[in-house]
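Working notes, structure below.
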Amino acid sequence: MKQRLQNLWASAGFPQATRDGAPLFWMIALLVGGLTVIGLVMVLSASSVMLISKDNSAWYLFNRQLMFAAIGVVAFVVGARIDYRVWLRWAPWLLVTTVGFLVLVLVPGIGMRVNGAQRWIGVNSTFGFQPSEFAKFVLLIFAARLLTRRLDQLEDVRRVLIPLLIVMGFVCFLVMLQPDLDTAIEVSLIVTGVLFAAGIPRRQLFALMAGNVVAVGILAVAAPYRFRRLTTFLHPQDDPLNTGYQIKQSLIALGNGGWFGVGLGNGHAKWRFLPAAHTDFIFSIIGEETGLVGASFVLGLFVVFAVLGCKIALRAPDRGGMLIAAGITTWVCGQTVINVAMVVGLAPVTGTPLPFISAGGTSLVVLMGAVGVLSNVARQCSLPAPVQSFAHPAVRRARTMRPAPSA
């Protein structure tokens, strides 16, 4: 039976798993499936009251999220089936296509304006997509391709860092025109993670991080609404009924949950007290309805994802696979840290969703497709020589790993 399943998998076009890669593949698949199911349950719980108050079906957003989850499963299967080296070869064309969509979204009549931001292309908010979400994956692949092809030139700023910063800066500029500072931050975080995994010199990495911090600071104070978010984060108690209202209600919901929560569906924050309860602040609903135990369990799943992602990066068959795995792991874990820090009041309020759990179609589909690519790398992993720690061997491995076959 096992041989039959392996033959069926191979006949469908999937890469053959190594002995060490198959467990990683199935663990990633089950983990993402579990997080998505948790997300569906919590979206239903968090959105039902709001929808009923607007005379809509309590199941509307759940059905919508379920539809996108089904599309995400298809994206995962496609990502798992296509060899990750193909994405590296397609990187320039994917970049050109993504830039084209980022320009189109700014054209009146093509891009849709929702809540003051023009970030969508489509008929309406249900049947539309957000090109900036694709930009995260495409920039990741482009960075991995560049750093793979120029392995022996990592210390040459003009050959590696500057070209990558030009491309990233242009994409972030188009994203900021929407405007969408949160996505621009996430893009820069992903590229920084890929550069770290590639093993660029520390002085370049620190200079890049410092530049990102300065740029974010300037952009944060340049727009009045962003500046209000920053001042609210520093002094939330100064305006608890206006600018500080959202974070105050989030903390109340988390505190109300206690150890074991008030029970699924029994939360009070979703009764129009907490804005964006089913999207950016869905972790507050998790904390209220399942308590510290439930919230810790969800965070534990993301920790497991981080560990698996690091293992896949260390065991990747070539440099390109290692950089892709590192970038996707940075993407998922980085978004998680930003979202949870915002919910508990350790970071300013942003529009960063909780991966796989917050309501949002494009984000879910693109993330599941990206994790499909990660699972493709996992299936081809091999067991490396024993290492003493994670960070330093990863950098040494990045410098010595053979490049992936180029186009």
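Ligands are numbered from 1 in the order shown, residues from 1 within each chain, and chains are lettered A, B, ... in the order they appear in the structure tokens.
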
Please identify the helix (DSSP H, G or I) residues within segment 172-214 of chain A (assignment by DSSP from backbone atoms) and present them as an MDAnalysis selection string.
chainID A and resid 172:176 181:198 202:214

I need the residues in segment 95-319 of chain A that are strand (DSSP E or B) according to DSSP; give them as a list of chain:residue names.
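These are the residues in question: A:Pro108, A:Gly111, A:Met112, A:Arg113, A:Val114, A:Ala117, A:Gln118, A:Arg119, A:Trp120, A:Ile121, A:Gly122, A:Gly128, A:Phe129.
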
Dump as an mmCIF file, in the first residue's frame, selection limited to N, CA and C atoms:
```
data_model
loop_
_atom_site.group_PDB
_atom_site.id
_atom_site.type_symbol
_atom_site.label_atom_id
_atom_site.label_comp_id
_atom_site.auth_asym_id
_atom_site.auth_seq_id
_atom_site.Cartn_x
_atom_site.Cartn_y
_atom_site.Cartn_z
ATOM 1 N N PRO A 108 -7.337 54.732 -11.182
ATOM 2 C CA PRO A 108 -8.761 54.875 -10.852
ATOM 3 C C PRO A 108 -9.626 54.054 -11.802
ATOM 4 N N GLY A 111 -8.293 49.869 -9.555
ATOM 5 C CA GLY A 111 -8.090 49.592 -8.139
ATOM 6 C C GLY A 111 -9.301 50.012 -7.315
ATOM 7 N N MET A 112 -9.633 49.226 -6.317
ATOM 8 C CA MET A 112 -10.763 49.513 -5.433
ATOM 9 C C MET A 112 -10.274 50.207 -4.168
ATOM 10 N N ARG A 113 -11.001 51.241 -3.758
ATOM 11 C CA ARG A 113 -10.658 51.964 -2.541
ATOM 12 C C ARG A 113 -11.543 51.472 -1.406
ATOM 13 N N VAL A 114 -10.915 50.945 -0.358
ATOM 14 C CA VAL A 114 -11.619 50.435 0.812
ATOM 15 C C VAL A 114 -11.003 51.068 2.055
ATOM 16 N N ALA A 117 -7.941 53.349 1.517
ATOM 17 C CA ALA A 117 -6.739 52.807 0.890
ATOM 18 C C ALA A 117 -7.115 52.099 -0.407
ATOM 19 N N GLN A 118 -6.306 52.283 -1.428
ATOM 20 C CA GLN A 118 -6.564 51.673 -2.731
ATOM 21 C C GLN A 118 -5.583 50.522 -2.928
ATOM 22 N N ARG A 119 -6.011 49.319 -2.477
ATOM 23 C CA ARG A 119 -5.102 48.173 -2.436
ATOM 24 C C ARG A 119 -5.634 46.960 -3.181
ATOM 25 N N TRP A 120 -6.827 47.040 -3.755
ATOM 26 C CA TRP A 120 -7.477 45.864 -4.298
ATOM 27 C C TRP A 120 -7.732 46.003 -5.790
ATOM 28 N N ILE A 121 -7.690 44.885 -6.484
ATOM 29 C CA ILE A 121 -8.105 44.797 -7.885
ATOM 30 C C ILE A 121 -9.198 43.734 -7.965
ATOM 31 N N GLY A 122 -10.335 44.081 -8.550
ATOM 32 C CA GLY A 122 -11.423 43.108 -8.661
ATOM 33 C C GLY A 122 -12.762 43.770 -8.764
ATOM 34 N N GLY A 128 -11.913 39.870 -5.280
ATOM 35 C CA GLY A 128 -10.788 40.733 -5.593
ATOM 36 C C GLY A 128 -9.528 40.183 -4.956
ATOM 37 N N PHE A 129 -8.400 40.742 -5.319
ATOM 38 C CA PHE A 129 -7.147 40.306 -4.706
ATOM 39 C C PHE A 129 -6.257 41.503 -4.452
#
```

Could you state the separation of atom CA of Ile38 of chain A and atom CA of Val298 of chain A in Å, given to one decimal place?
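Separation of atom CA of Ile38 of chain A and atom CA of Val298 of chain A: 8.6 Å.
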
Using only C-alpha atoms, which residues sit within 9 Å of Leu195 of chain A once same-chain residues fewer than 4 positions away are excluded, as a short mmCIF file (atom, residue, chain, number, x, y, z; two decimals) with N, CA and C atoms, in the first residue's frame?
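File written: selection_5.cif
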```
data_model
loop_
_atom_site.label_atom_id
_atom_site.label_comp_id
_atom_site.auth_asym_id
_atom_site.auth_seq_id
_atom_site.Cartn_x
_atom_site.Cartn_y
_atom_site.Cartn_z
N ALA A 143 15.03 37.72 -4.20
CA ALA A 143 16.21 37.84 -3.34
C ALA A 143 16.96 36.52 -3.27
N ALA A 144 16.23 35.41 -3.15
CA ALA A 144 16.88 34.09 -3.09
C ALA A 144 17.62 33.80 -4.39
N LEU A 147 20.86 36.10 -4.56
CA LEU A 147 21.89 35.68 -3.61
C LEU A 147 22.43 34.29 -3.92
N LEU A 161 23.94 43.91 -2.58
CA LEU A 161 23.04 44.67 -1.72
C LEU A 161 22.33 45.80 -2.47
N ILE A 190 11.12 40.48 5.36
CA ILE A 190 11.38 39.22 4.65
C ILE A 190 12.71 39.27 3.93
N VAL A 191 12.98 40.35 3.23
CA VAL A 191 14.24 40.47 2.50
C VAL A 191 15.42 40.48 3.47
N GLY A 199 24.12 35.07 4.70
CA GLY A 199 25.42 35.29 5.32
C GLY A 199 26.14 36.52 4.85
N ILE A 200 25.40 37.61 4.53
CA ILE A 200 26.08 38.83 4.13
C ILE A 200 26.84 39.40 5.32
N LEU A 205 24.46 44.11 7.07
CA LEU A 205 23.18 43.74 7.65
C LEU A 205 22.73 44.78 8.67
N LEU A 323 17.51 29.43 1.19
CA LEU A 323 17.09 30.83 1.27
C LEU A 323 15.57 30.96 1.18
N GLY A 327 13.32 32.53 4.12
CA GLY A 327 12.45 33.68 3.86
C GLY A 327 11.01 33.42 4.25
#
```

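The shortest atom-to-atom distance to Thr36 of chain A, with only C-alpha atoms taken into account, belongs to A:Gln65 out of A:Gln380, A:Gln65, A:Ser57, A:Thr330.
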